[in-house]
$ cat protein19.csv   # CSV, C-alpha atoms
chain,number,residue,atom,x,y,z
K,1,SER,CA,62.3,57.8,27.4
K,2,LYS,CA,65.0,56.4,29.8
K,3,GLN,CA,63.2,53.0,29.6
K,4,ALA,CA,63.1,53.1,25.8
K,5,HIS,CA,66.9,53.7,25.7
K,6,THR,CA,67.4,50.8,28.1
K,7,GLN,CA,65.3,48.4,25.9
K,8,LEU,CA,67.0,49.7,22.8
K,9,GLN,CA,70.4,48.7,24.3
K,10,LYS,CA,69.3,45.1,24.6
K,11,ILE,CA,69.1,44.9,20.8
K,12,ILE,CA,72.1,47.1,19.9
K,13,HIS,CA,73.5,44.2,17.9
K,14,ARG,CA,70.8,45.0,15.3
K,15,GLY,CA,72.5,48.3,14.3
K,16,ARG,CA,75.5,50.2,15.8
K,17,ASN,CA,75.6,53.2,13.4
K,18,ALA,CA,73.1,55.3,15.3
K,19,SER,CA,70.8,54.7,18.3
K,20,ILE,CA,68.0,57.2,18.8
K,21,VAL,CA,64.8,57.5,20.7
K,22,ASP,CA,62.1,60.1,19.8
K,23,GLU,CA,58.8,60.9,21.2
K,24,ILE,CA,55.7,61.8,19.2
K,25,ASP,CA,52.5,62.6,21.0
K,26,SER,CA,53.5,60.5,24.1
K,27,VAL,CA,54.4,57.5,21.9
K,28,PHE,CA,58.1,56.6,22.2
K,29,VAL,CA,59.9,55.1,19.2
K,30,GLY,CA,63.5,53.9,19.1
K,31,HIS,CA,65.8,52.6,16.4
K,32,ASN,CA,69.3,51.0,16.2
K,33,ARG,CA,70.6,51.8,12.7
K,34,LEU,CA,72.6,49.5,10.5
K,35,SER,CA,73.3,51.8,7.5
K,36,ILE,CA,73.1,50.0,4.2
K,37,GLN,CA,71.4,52.5,1.8
K,38,ASP,CA,72.4,56.1,2.1
K,39,LEU,CA,75.1,56.1,4.8
K,40,SER,CA,74.6,59.8,5.7
K,41,SER,CA,73.1,60.8,9.1
K,42,ALA,CA,70.2,62.4,7.2
K,43,ALA,CA,68.9,58.9,6.8
K,44,ASN,CA,69.0,58.2,10.5
K,45,GLN,CA,65.8,57.1,12.2
K,46,PRO,CA,63.2,57.8,13.6
K,47,MET,CA,62.5,59.7,10.4
K,48,TRP,CA,59.9,62.4,10.2
K,49,ASN,CA,57.8,64.0,7.5
K,50,ALA,CA,58.3,67.7,6.8
K,51,ASP,CA,55.7,69.0,9.3
K,52,LYS,CA,56.7,66.6,12.0
K,53,THR,CA,53.3,64.9,12.3
K,54,VAL,CA,54.3,61.5,11.0
K,55,CYS,CA,57.3,59.4,12.0
K,56,ILE,CA,58.7,56.0,11.0
K,57,VAL,CA,61.1,53.4,12.5
K,58,TYR,CA,62.0,50.7,10.1
K,59,ASN,CA,64.1,47.6,9.8
K,60,GLY,CA,64.6,46.2,6.3
K,61,GLU,CA,65.3,47.0,2.7
K,62,LEU,CA,63.3,48.0,-0.3
K,63,TRP,CA,64.8,46.2,-3.4
K,64,ASP,CA,66.2,48.1,-6.4
K,65,SER,CA,63.3,46.9,-8.5
K,66,THR,CA,61.0,48.3,-11.1
K,67,GLU,CA,58.2,48.3,-8.5
K,68,THR,CA,60.3,50.5,-6.1
K,69,THR,CA,61.4,52.8,-8.9
K,70,GLU,CA,57.9,53.3,-10.1
K,71,LEU,CA,56.5,53.9,-6.6
K,72,LYS,CA,59.2,56.5,-5.9
K,73,LYS,CA,58.6,58.3,-9.2
K,74,SER,CA,54.8,58.4,-8.6
K,75,LEU,CA,55.2,60.2,-5.3
K,76,LYS,CA,54.9,64.0,-5.3
K,77,THR,CA,56.8,64.7,-2.0
K,78,LYS,CA,60.3,66.0,-2.4
K,79,PHE,CA,63.0,63.5,-1.4
K,80,ILE,CA,65.7,64.7,0.9
K,81,THR,CA,67.7,61.4,1.2
K,82,LYS,CA,68.6,58.5,-1.0
K,83,SER,CA,67.3,56.1,1.7
K,84,ASP,CA,64.5,53.6,1.2
K,85,THR,CA,63.1,54.6,4.6
K,86,GLU,CA,61.9,57.9,3.1
K,87,ILE,CA,60.1,56.0,0.3
K,88,ILE,CA,58.0,54.2,2.8
K,89,LEU,CA,57.3,57.3,4.8
K,90,ASN,CA,56.4,59.4,1.8
K,91,ALA,CA,54.3,56.6,0.3
K,92,TYR,CA,52.3,56.4,3.6
K,93,CYS,CA,51.9,60.2,3.8
K,94,GLU,CA,50.4,60.2,0.3
K,95,LEU,CA,48.6,56.9,0.0
K,96,GLY,CA,47.9,55.8,3.6
K,97,THR,CA,47.8,52.1,4.5
K,98,LYS,CA,47.2,51.3,0.8
K,99,SER,CA,50.9,51.9,0.3
K,100,PHE,CA,51.9,48.8,2.3
K,101,GLU,CA,51.1,46.3,-0.4
K,102,LEU,CA,53.1,48.3,-3.0
K,103,LEU,CA,56.4,47.9,-1.1
K,104,ASP,CA,58.8,45.5,-2.8
K,105,GLY,CA,61.1,44.6,0.1
K,106,MET,CA,61.7,42.8,3.4
K,107,PHE,CA,60.5,44.9,6.3
K,108,SER,CA,59.1,45.4,9.8
K,109,PHE,CA,58.3,49.0,10.6
K,110,CYS,CA,56.2,51.2,12.7
K,111,ILE,CA,54.5,54.4,11.6
K,112,VAL,CA,53.1,56.9,14.1
K,113,ASP,CA,50.6,59.3,12.6
K,114,SER,CA,49.7,62.0,15.1
K,115,LYS,CA,47.1,63.5,12.8
K,116,ILE,CA,44.8,60.5,13.4
K,117,ASN,CA,46.3,59.3,16.8
K,118,LYS,CA,47.3,56.0,15.3
K,119,VAL,CA,50.3,53.6,15.3
K,120,PHE,CA,50.7,51.1,12.5
K,121,VAL,CA,53.0,48.1,13.2
K,122,VAL,CA,53.6,46.4,9.8
K,123,ARG,CA,55.4,43.2,8.6
K,124,ASP,CA,56.3,42.2,5.1
K,125,TYR,CA,54.4,39.6,3.1
K,126,VAL,CA,56.4,36.5,4.2
K,127,GLY,CA,57.7,37.7,7.5
K,128,GLU,CA,61.4,37.8,6.6
K,129,LEU,CA,62.2,40.1,9.5
K,130,PRO,CA,61.2,39.5,13.1
K,131,LEU,CA,58.5,41.6,14.7
K,132,TRP,CA,56.8,41.2,18.1
K,133,TYR,CA,54.2,43.1,20.0
K,134,ALA,CA,52.3,43.0,23.3
K,135,ILE,CA,49.3,44.9,24.7
K,136,ASP,CA,49.2,44.9,28.4
K,137,ASN,CA,46.2,44.9,30.7
K,138,ASP,CA,46.0,48.7,30.6
K,139,GLY,CA,45.8,48.6,26.8
K,140,LYS,CA,49.3,49.9,26.3
K,141,LEU,CA,51.2,48.7,23.2
K,142,VAL,CA,54.9,47.8,23.0
K,143,PHE,CA,56.6,46.4,19.9
K,144,CYS,CA,60.2,45.3,19.0
K,145,SER,CA,62.2,43.4,16.5
K,146,GLU,CA,63.2,40.9,19.2
K,147,LYS,CA,61.4,39.7,22.3
K,148,LYS,CA,64.3,40.6,24.5
K,149,GLY,CA,63.8,44.2,23.7
K,150,LEU,CA,60.2,44.3,24.9
K,151,PRO,CA,59.8,46.1,28.3
K,152,ILE,CA,57.6,43.4,29.8
K,153,SER,CA,57.6,41.4,33.0
K,154,GLU,CA,57.4,37.6,33.0
K,155,LEU,CA,53.7,38.0,33.9
K,156,TYR,CA,53.0,39.6,30.6
K,157,GLU,CA,55.3,37.3,28.6
K,158,LYS,CA,52.4,35.2,27.4
K,159,GLN,CA,50.8,38.3,25.9
K,160,VAL,CA,53.7,38.6,23.4
K,161,LYS,CA,52.6,37.8,19.9
K,162,ALA,CA,54.2,37.9,16.5
K,163,VAL,CA,52.9,40.4,13.9
K,164,TYR,CA,51.9,37.9,11.2
K,165,PRO,CA,53.3,38.2,7.6
K,166,GLY,CA,51.2,40.3,5.3
K,167,THR,CA,49.4,42.0,8.2
K,168,TYR,CA,49.6,45.1,10.3
K,169,ILE,CA,48.4,46.2,13.8
K,170,GLU,CA,46.4,49.4,13.7
K,171,TYR,CA,46.4,50.9,17.2
K,172,ASN,CA,44.7,54.1,18.4
K,173,TYR,CA,46.8,55.5,21.3
K,174,LYS,CA,44.1,57.8,22.5
K,175,THR,CA,41.2,55.2,22.7
K,176,LEU,CA,43.6,52.2,23.1
K,177,GLU,CA,41.6,50.2,20.5
K,178,HIS,CA,43.5,48.0,18.2
K,179,GLN,CA,42.9,45.6,15.3
K,180,THR,CA,44.9,43.3,13.0
K,181,ILE,CA,44.4,44.0,9.3
K,182,THR,CA,45.5,41.7,6.5
K,183,TYR,CA,46.9,43.6,3.5
K,184,TYR,CA,48.4,40.7,1.5
K,185,LYS,CA,47.7,37.1,0.8
K,186,LEU,CA,49.8,34.7,-1.3
K,187,PRO,CA,48.0,33.9,-4.7
K,188,ASN,CA,47.0,30.3,-5.3
K,189,GLU,CA,46.1,30.0,-8.9
K,190,ILE,CA,48.1,27.1,-10.3
K,191,ILE,CA,49.9,28.2,-13.5
K,192,ASN,CA,49.5,26.3,-16.7
K,193,ASP,CA,52.9,27.0,-18.3
K,194,ASP,CA,54.7,24.0,-19.8
K,195,ARG,CA,57.8,22.5,-18.2
K,196,GLU,CA,60.3,24.4,-20.5
K,197,THR,CA,58.6,27.7,-19.9
K,198,ILE,CA,58.6,27.2,-16.1
K,199,VAL,CA,62.4,26.3,-16.1
K,200,THR,CA,63.1,29.4,-18.2
K,201,ASN,CA,61.0,31.6,-15.9
K,202,ILE,CA,62.7,30.2,-12.7
K,203,ARG,CA,66.1,31.1,-14.1
K,204,LYS,CA,65.1,34.5,-15.3
K,205,MET,CA,63.4,35.4,-12.1
K,206,LEU,CA,66.1,34.1,-9.8
K,207,GLU,CA,68.7,36.2,-11.8
K,208,GLU,CA,66.5,39.2,-11.4
K,209,ALA,CA,66.0,38.4,-7.7
K,210,VAL,CA,69.7,38.4,-7.0
K,211,LYS,CA,70.2,41.6,-9.0
K,212,VAL,CA,67.5,43.6,-7.3
K,213,LYS,CA,68.6,42.4,-3.9
K,214,MET,CA,72.2,43.5,-4.4
K,215,VAL,CA,71.2,47.1,-3.6
K,216,SER,CA,73.7,48.3,-1.1
K,217,ASP,CA,76.3,51.1,-0.3
K,218,VAL,CA,78.4,48.6,1.8
K,219,PRO,CA,80.3,45.3,1.0
K,220,ILE,CA,78.3,42.2,0.1
K,221,CYS,CA,79.3,38.5,0.5
K,222,THR,CA,77.5,35.1,0.3
K,223,ILE,CA,77.0,31.9,2.1
K,224,LEU,CA,78.1,28.9,0.1
K,225,SER,CA,77.0,25.8,2.0
K,226,GLY,CA,77.5,23.4,-0.9
K,227,GLY,CA,73.7,22.8,-1.3
K,228,ILE,CA,72.0,23.5,-4.6
K,229,ASP,CA,70.3,26.7,-3.3
K,230,SER,CA,73.4,28.6,-2.2
K,231,VAL,CA,75.4,27.2,-5.1
K,232,ILE,CA,72.9,28.8,-7.6
K,233,THR,CA,72.9,32.1,-5.7
K,234,THR,CA,76.7,32.2,-5.5
K,235,TYR,CA,76.9,31.4,-9.3
K,236,ILE,CA,74.6,34.3,-10.2
K,237,LEU,CA,76.4,36.7,-7.8
K,238,SER,CA,79.8,35.7,-9.3
K,239,LYS,CA,78.5,36.5,-12.8
K,240,ILE,CA,77.5,40.0,-11.7
K,241,ASN,CA,80.5,40.6,-9.3
K,242,PRO,CA,83.4,38.3,-10.0
K,243,ASN,CA,85.1,39.4,-6.8
K,244,ILE,CA,82.3,38.1,-4.5
K,245,GLU,CA,83.6,36.2,-1.5
K,246,ALA,CA,81.9,33.2,0.0
K,247,PHE,CA,81.6,31.6,3.4
K,248,VAL,CA,81.0,28.0,4.6
K,249,VAL,CA,80.7,26.7,8.2
K,250,SER,CA,81.3,23.0,8.9
K,251,MET,CA,82.0,20.5,11.7
K,252,GLY,CA,84.1,18.2,9.4
K,253,ASP,CA,87.1,18.7,7.1
K,254,GLY,CA,85.5,17.6,3.9
K,255,ASP,CA,86.5,14.0,4.0
K,256,THR,CA,83.0,12.5,4.3
K,257,LYS,CA,80.3,12.1,1.6
K,258,ASN,CA,77.9,14.2,3.5
K,259,ASP,CA,80.1,17.1,4.4
K,260,ASP,CA,78.9,20.4,3.0
K,261,ILE,CA,82.4,21.8,2.8
K,262,LYS,CA,83.4,19.3,0.1
K,263,TYR,CA,80.8,20.6,-2.3
K,264,ALA,CA,81.3,24.2,-1.3
K,265,ARG,CA,85.0,23.8,-2.3
K,266,ILE,CA,84.1,22.3,-5.7
K,267,ALA,CA,81.6,25.1,-6.4
K,268,ALA,CA,84.0,27.9,-5.3
K,269,LYS,CA,86.8,26.5,-7.5
K,270,GLU,CA,84.4,26.2,-10.4
K,271,PHE,CA,83.2,29.8,-10.1
K,272,GLY,CA,86.6,31.2,-9.2
K,273,VAL,CA,85.4,32.8,-5.9
K,274,LYS,CA,87.3,33.1,-2.7
K,275,LEU,CA,86.0,30.7,0.0
K,276,HIS,CA,86.4,31.3,3.7
K,277,GLU,CA,86.0,28.1,5.8
K,278,ILE,CA,84.9,28.2,9.4
K,279,ILE,CA,85.5,24.9,11.2
K,280,LEU,CA,83.7,24.2,14.5
K,281,THR,CA,84.7,21.6,17.0
K,282,GLU,CA,82.3,19.7,19.3
K,283,LYS,CA,83.4,21.8,22.2
K,284,ASP,CA,82.6,25.0,20.2
K,285,VAL,CA,79.1,23.8,19.7
K,286,GLU,CA,78.6,22.8,23.4
K,287,ASP,CA,79.9,26.1,24.6
K,288,ALA,CA,77.5,28.0,22.3
K,289,VAL,CA,74.2,26.5,23.3
K,290,ASP,CA,73.3,28.9,26.1
K,291,GLU,CA,74.1,32.0,24.1
K,292,THR,CA,72.2,30.6,21.1
K,293,LEU,CA,69.0,30.1,23.0
K,294,TYR,CA,69.2,33.7,24.2
K,295,VAL,CA,69.7,34.9,20.7
K,296,ILE,CA,67.0,33.0,18.8
K,297,GLU,CA,64.4,33.0,21.5
K,298,GLN,CA,63.1,29.6,20.5
K,299,ALA,CA,64.0,26.0,21.3
K,300,ARG,CA,63.4,23.8,18.3
K,301,TRP,CA,66.6,21.7,18.1
K,302,GLN,CA,66.8,22.1,14.3
K,303,ASN,CA,66.9,25.8,14.7
K,304,VAL,CA,69.4,25.8,17.6
K,305,GLY,CA,71.8,23.7,15.5
K,306,SER,CA,71.7,26.0,12.5
K,307,ALA,CA,71.9,29.1,14.7
K,308,ILE,CA,75.1,27.9,16.3
K,309,ALA,CA,76.7,27.7,12.9
K,310,GLN,CA,75.2,31.0,11.7
K,311,ILE,CA,76.4,33.0,14.8
K,312,ALA,CA,80.0,31.7,14.2
K,313,LEU,CA,79.6,32.4,10.5
K,314,SER,CA,78.5,36.0,11.0
K,315,LYS,CA,81.3,36.7,13.5
K,316,LYS,CA,83.7,35.9,10.7
K,317,ILE,CA,81.8,37.8,8.0
K,318,ASN,CA,81.8,40.9,10.3
K,319,GLU,CA,85.5,40.5,11.1
K,320,LEU,CA,86.3,40.7,7.3
K,321,GLY,CA,84.3,43.9,6.9
K,322,PHE,CA,81.1,42.7,5.2
K,323,LYS,CA,77.7,44.0,6.2
K,324,VAL,CA,75.4,42.1,3.8
K,325,VAL,CA,75.3,38.3,3.2
K,326,PHE,CA,73.3,36.3,0.7
K,327,SER,CA,71.7,33.0,1.7
K,328,GLY,CA,69.6,30.2,0.1
K,329,ASP,CA,66.8,30.5,2.7
K,330,LEU,CA,63.2,29.7,1.6
K,331,SER,CA,64.1,27.5,-1.3
K,332,ASP,CA,63.4,24.3,0.7
K,333,GLU,CA,60.0,25.7,1.7
K,334,ILE,CA,59.0,26.6,-1.8
K,335,TRP,CA,59.8,23.2,-3.2
K,336,GLY,CA,58.7,21.3,-0.1
K,337,SER,CA,62.1,19.5,-0.1
K,338,TYR,CA,62.0,18.2,3.5
K,339,GLY,CA,62.1,14.5,4.3
K,340,HIS,CA,58.8,14.6,6.2
K,341,ILE,CA,57.0,16.4,3.4
K,342,GLN,CA,58.3,13.9,0.8
K,343,ALA,CA,57.4,11.0,3.0
K,344,PHE,CA,53.9,11.9,4.0
K,345,HIS,CA,52.6,14.4,1.4
K,346,TRP,CA,53.1,12.4,-1.8
K,347,ARG,CA,49.6,13.1,-3.2
K,348,PRO,CA,49.8,16.2,-5.4
K,349,GLU,CA,47.2,18.2,-3.5
K,350,ASP,CA,48.7,17.3,-0.1
K,351,TYR,CA,52.2,18.2,-1.3
K,352,ASP,CA,50.8,21.5,-2.6
K,353,LYS,CA,49.1,22.3,0.7
K,354,ALA,CA,52.3,21.3,2.6
K,355,ARG,CA,54.5,23.7,0.6
K,356,ARG,CA,52.1,26.6,1.2
K,357,LYS,CA,52.0,25.9,4.9
K,358,LEU,CA,55.8,25.8,5.0
K,359,VAL,CA,56.0,29.2,3.4
K,360,GLU,CA,53.3,30.7,5.6
K,361,ASP,CA,55.0,29.4,8.8
K,362,VAL,CA,58.7,30.1,7.9
K,363,HIS,CA,58.5,33.4,9.8
K,364,LYS,CA,58.3,31.5,13.1
K,365,THR,CA,61.3,29.3,12.5
K,366,ASN,CA,64.1,29.6,9.8
K,367,PHE,CA,63.7,33.3,9.0
K,368,LEU,CA,63.7,34.2,12.7
K,369,THR,CA,66.7,32.0,13.4
K,370,THR,CA,68.8,33.2,10.5
K,371,ASN,CA,68.0,36.9,11.0
K,372,GLN,CA,68.6,37.0,14.7
K,373,SER,CA,71.7,34.8,14.6
K,374,ILE,CA,73.5,36.7,11.9
K,375,MET,CA,72.5,40.1,13.4
K,376,TRP,CA,73.8,38.9,16.8
K,377,GLY,CA,77.0,37.4,15.6
K,378,GLY,CA,78.0,40.2,13.3
K,379,THR,CA,75.4,43.0,12.9
K,380,VAL,CA,75.1,41.7,9.3
K,381,GLU,CA,72.0,41.7,7.1
K,382,VAL,CA,70.8,38.6,5.3
K,383,ARG,CA,69.4,38.7,1.7
K,384,THR,CA,67.5,35.8,0.3
K,385,PRO,CA,66.8,35.8,-3.5
K,386,TYR,CA,64.4,32.9,-3.1
K,387,SER,CA,62.0,35.0,-1.0
K,388,TRP,CA,61.6,37.8,-3.7
K,389,ARG,CA,57.9,38.2,-3.9
K,390,PRO,CA,57.4,37.8,-7.7
K,391,PHE,CA,59.5,34.7,-7.5
K,392,VAL,CA,57.5,33.2,-4.7
K,393,GLU,CA,54.2,34.1,-6.2
K,394,TYR,CA,55.2,32.3,-9.4
K,395,THR,CA,57.0,29.2,-8.0
K,396,LEU,CA,54.5,28.4,-5.3
K,397,ASN,CA,51.9,28.0,-8.1
K,398,ILE,CA,53.9,25.6,-10.2
K,399,PRO,CA,51.9,22.4,-10.6
K,400,PRO,CA,52.7,19.9,-7.9
K,401,LEU,CA,53.4,17.1,-10.4
K,402,TYR,CA,57.1,18.3,-10.5
K,403,GLN,CA,57.7,17.1,-6.9
K,404,LYS,CA,60.4,14.6,-7.7
K,405,GLU,CA,62.2,13.4,-10.8
K,406,GLY,CA,64.7,10.5,-10.9
K,407,GLY,CA,64.8,10.5,-7.1
K,408,HIS,CA,65.9,14.1,-7.0
K,409,MET,CA,64.0,16.9,-5.2
K,410,LYS,CA,63.7,20.4,-6.8
K,411,PRO,CA,64.0,19.0,-10.3
K,412,LEU,CA,63.0,22.2,-12.0
K,413,LEU,CA,65.4,24.3,-10.0
K,414,ARG,CA,68.2,21.8,-10.9
$ encode --input "protein19.csv" --output "structure tokens"
Amino acid sequence: SKQAHTQLQKIIHRGRNASIVDEIDSVFVGHNRLSIQDLSSAANQPMWNADKTVCIVYNGELWDSTETTELKKSLKTKFITKSDTEIILNAYCELGTKSFELLDGMFSFCIVDSKINKVFVVRDYVGELPLWYAIDNDGKLVFCSEKKGLPISELYEKQVKAVYPGTYIEYNYKTLEHQTITYYKLPNEIINDDRETIVTNIRKMLEEAVKVKMVSDVPICTILSGGIDSVITTYILSKINPNIEAFVVSMGDGDTKNDDIKYARIAAKEFGVKLHEIILTEKDVEDAVDETLYVIEQARWQNVGSAIAQIALSKKINELGFKVVFSGDLSDEIWGSYGHIQAFHWRPEDYDKARRKLVEDVHKTNFLTTNQSIMWGGTVEVRTPYSWRPFVEYTLNIPPLYQKEGGHMKPLLR
């Protein structure tokens, strides 16, 4: 128990509203809570079922969507809180592991079921939230949202693996047997809608995605980088909540053609939203490198660069009292709008494969970077409308012939 508390302290930046370790049948589970839905202590975790045989620790959100409402209504168990944690717990208690694919949200969670001596370590369909595990040479399982919270020596470091998106680890803590089970795969039936229908659907589903992801009992803000993805998100948010505030981080002061901040200012003015500007100097960036490597636990230079900006961004967001921030993540993956994809995957079938691979792999890079940076800098949760499952299931299956139009990427989104 003492060790569990020690490890939990290493990731205290993921939630400072409650920090609790419980034991169930010699399995220790711990949780740092960032309260977003149901701020009462009744919604603290670990959360138990009524007869104290099943327990959950959970990082994430279920969206305020029809799917979630219907799932909650279909459950017979009496609800004690208004938290989404309890929906997952009750759904598991009634439906077992079949419940995982019914969850509309972003999540990594662990359920311990003492009735069958099993632990389930589960990650959402696209891997929006980080989740790591290791099984040591004695067959003992450890898991955590971030590698730095795992109680392992350097010797065991190479046994640390990611729980893959759409899968869960099923572990029997009496026999020490474990297996990885896939509960979700992205569909790949290309849709036959005409161009106009597709554009209408993109718009409708994005508006819906923003709306369902606004579920929160705490203040929300948005990143407005000046790129098309965050501009669209900010526009939709401003239509629902005209007082939404936006944030941009930059190394310039808006005087060059390529500076994000210039377009962020234009958009903010157009939508009438308040824009907070964070300007970094070269020294700020140099000073931040070591901390950033510790935070994101990976060394791809593209990710280090964006993490430096995101950590600075979230410090400011936190300082101004926000706990939830919207971002444009995953749009580039869905549309394959990276230079190397456009340069080398110009044949429709290659472009299609490349987009799918980007979406399948994003959990190792951009999602990881954004989540861990923004949690570290401000204990702030990131919401990405572009990753809403119905939206991804649809847009990923748009025919690849709309790769580029008039030299522009993302023509349908435009």
$ residues_around --input "protein19.csv" --residues "Trp388 in chain K" --least-positions-apart "4" --cutoff "10 Å" --atoms "all atoms listed in the file" --output "PDB file with C-alpha atoms, in the coordinates of the input"
ATOM      1  CA  TRP K  63      64.800  46.200  -3.400  1.00  0.00           C
ATOM      2  CA  ASP K 104      58.800  45.500  -2.800  1.00  0.00           C
ATOM      3  CA  GLY K 105      61.100  44.600   0.100  1.00  0.00           C
ATOM      4  CA  MET K 106      61.700  42.800   3.400  1.00  0.00           C
ATOM      5  CA  VAL K 126      56.400  36.500   4.200  1.00  0.00           C
ATOM      6  CA  MET K 205      63.400  35.400 -12.100  1.00  0.00           C
ATOM      7  CA  LEU K 206      66.100  34.100  -9.800  1.00  0.00           C
ATOM      8  CA  GLU K 208      66.500  39.200 -11.400  1.00  0.00           C
ATOM      9  CA  ALA K 209      66.000  38.400  -7.700  1.00  0.00           C
ATOM     10  CA  VAL K 210      69.700  38.400  -7.000  1.00  0.00           C
ATOM     11  CA  VAL K 212      67.500  43.600  -7.300  1.00  0.00           C
ATOM     12  CA  LYS K 213      68.600  42.400  -3.900  1.00  0.00           C
ATOM     13  CA  LEU K 330      63.200  29.700   1.600  1.00  0.00           C
ATOM     14  CA  ARG K 383      69.400  38.700   1.700  1.00  0.00           C
ATOM     15  CA  THR K 384      67.500  35.800   0.300  1.00  0.00           C
ATOM     16  CA  VAL K 392      57.500  33.200  -4.700  1.00  0.00           C
ATOM     17  CA  GLU K 393      54.200  34.100  -6.200  1.00  0.00           C
TER      18      GLU K 393
END
$ closest_residue --input "protein19.csv" --among "K:Leu62, K:Val325, K:Val249, K:Leu8" --to "Thr233 in chain K" --atoms "all atoms listed in the file"
K:Val325
$ closest_residue --input "protein19.csv" --among "K:Asn49, K:Ser225, K:Gln179, K:Ser387" --to "His363 in chain K" --atoms "all atoms listed in the file"
K:Ser387
$ residues_around --input "protein19.csv" --residues "range 316-319 of chain K" --least-positions-apart "5" --cutoff "12 Å" --atoms "only C-alpha atoms" --output "ChimeraX atom specification"
/K:13,218-223,245-249,275-279,309-311,324-326,374-382
$ write_last_selection --input "protein19.csv" --atoms "C-alpha atoms" --output "PDB file, keeping the file's coordinate frame"
ATOM      1  CA  HIS K  13      73.500  44.200  17.900  1.00  0.00           C
ATOM      2  CA  VAL K 218      78.400  48.600   1.800  1.00  0.00           C
ATOM      3  CA  PRO K 219      80.300  45.300   1.000  1.00  0.00           C
ATOM      4  CA  ILE K 220      78.300  42.200   0.100  1.00  0.00           C
ATOM      5  CA  CYS K 221      79.300  38.500   0.500  1.00  0.00           C
ATOM      6  CA  THR K 222      77.500  35.100   0.300  1.00  0.00           C
ATOM      7  CA  ILE K 223      77.000  31.900   2.100  1.00  0.00           C
ATOM      8  CA  GLU K 245      83.600  36.200  -1.500  1.00  0.00           C
ATOM      9  CA  ALA K 246      81.900  33.200   0.000  1.00  0.00           C
ATOM     10  CA  PHE K 247      81.600  31.600   3.400  1.00  0.00           C
ATOM     11  CA  VAL K 248      81.000  28.000   4.600  1.00  0.00           C
ATOM     12  CA  VAL K 249      80.700  26.700   8.200  1.00  0.00           C
ATOM     13  CA  LEU K 275      86.000  30.700   0.000  1.00  0.00           C
ATOM     14  CA  HIS K 276      86.400  31.300   3.700  1.00  0.00           C
ATOM     15  CA  GLU K 277      86.000  28.100   5.800  1.00  0.00           C
ATOM     16  CA  ILE K 278      84.900  28.200   9.400  1.00  0.00           C
ATOM     17  CA  ILE K 279      85.500  24.900  11.200  1.00  0.00           C
ATOM     18  CA  ALA K 309      76.700  27.700  12.900  1.00  0.00           C
ATOM     19  CA  GLN K 310      75.200  31.000  11.700  1.00  0.00           C
ATOM     20  CA  ILE K 311      76.400  33.000  14.800  1.00  0.00           C
ATOM     21  CA  VAL K 324      75.400  42.100   3.800  1.00  0.00           C
ATOM     22  CA  VAL K 325      75.300  38.300   3.200  1.00  0.00           C
ATOM     23  CA  PHE K 326      73.300  36.300   0.700  1.00  0.00           C
ATOM     24  CA  ILE K 374      73.500  36.700  11.900  1.00  0.00           C
ATOM     25  CA  MET K 375      72.500  40.100  13.400  1.00  0.00           C
ATOM     26  CA  TRP K 376      73.800  38.900  16.800  1.00  0.00           C
ATOM     27  CA  GLY K 377      77.000  37.400  15.600  1.00  0.00           C
ATOM     28  CA  GLY K 378      78.000  40.200  13.300  1.00  0.00           C
ATOM     29  CA  THR K 379      75.400  43.000  12.900  1.00  0.00           C
ATOM     30  CA  VAL K 380      75.100  41.700   9.300  1.00  0.00           C
ATOM     31  CA  GLU K 381      72.000  41.700   7.100  1.00  0.00           C
ATOM     32  CA  VAL K 382      70.800  38.600   5.300  1.00  0.00           C
TER      33      VAL K 382
END
$ residues_around --input "protein19.csv" --residues "Tyr394 in chain K" --least-positions-apart "3" --cutoff "10 Å" --atoms "only C-alpha atoms" --output "ChimeraX atom specification"
/K:187-191,198,201-202,205,389-391,397-398
$ closest_residue --input "protein19.csv" --among "K:Gln403, K:Asn192, K:Thr85, K:Ser35" --to "Ile334 in chain K" --atoms "only C-alpha atoms"
K:Gln403
$ residues_around --input "protein19.csv" --residues "Ala42 in chain K" --least-positions-apart "4" --cutoff "10 Å" --atoms "all atoms listed in the file" --output "number ranges by chain"
K: 38, 47, 80-83
$ decode --input "protein19.csv" --residues "range 277-283 of chain K" --atoms "N, CA and C atoms" --output "compact mmCIF listing (two decimals), in the first residue's frame"
# COMPACT_ATOMS: atom_id res chain seq x y z
N GLU K 277 -2.82 35.19 -25.51
CA GLU K 277 -1.61 34.86 -26.28
C GLU K 277 -0.45 34.53 -25.35
N ILE K 278 0.20 33.39 -25.61
CA ILE K 278 1.38 33.01 -24.84
C ILE K 278 2.56 33.05 -25.79
N ILE K 279 3.49 33.97 -25.54
CA ILE K 279 4.64 34.12 -26.44
C ILE K 279 5.88 33.51 -25.77
N LEU K 280 6.54 32.58 -26.47
CA LEU K 280 7.74 31.94 -25.93
C LEU K 280 8.99 32.48 -26.62
N THR K 281 10.05 32.67 -25.85
CA THR K 281 11.32 33.08 -26.45
C THR K 281 12.16 31.82 -26.70
N GLU K 282 13.26 32.00 -27.43
CA GLU K 282 14.15 30.85 -27.67
C GLU K 282 14.69 30.30 -26.35
N LYS K 283 14.94 31.19 -25.41
CA LYS K 283 15.47 30.75 -24.11
C LYS K 283 14.43 29.91 -23.38
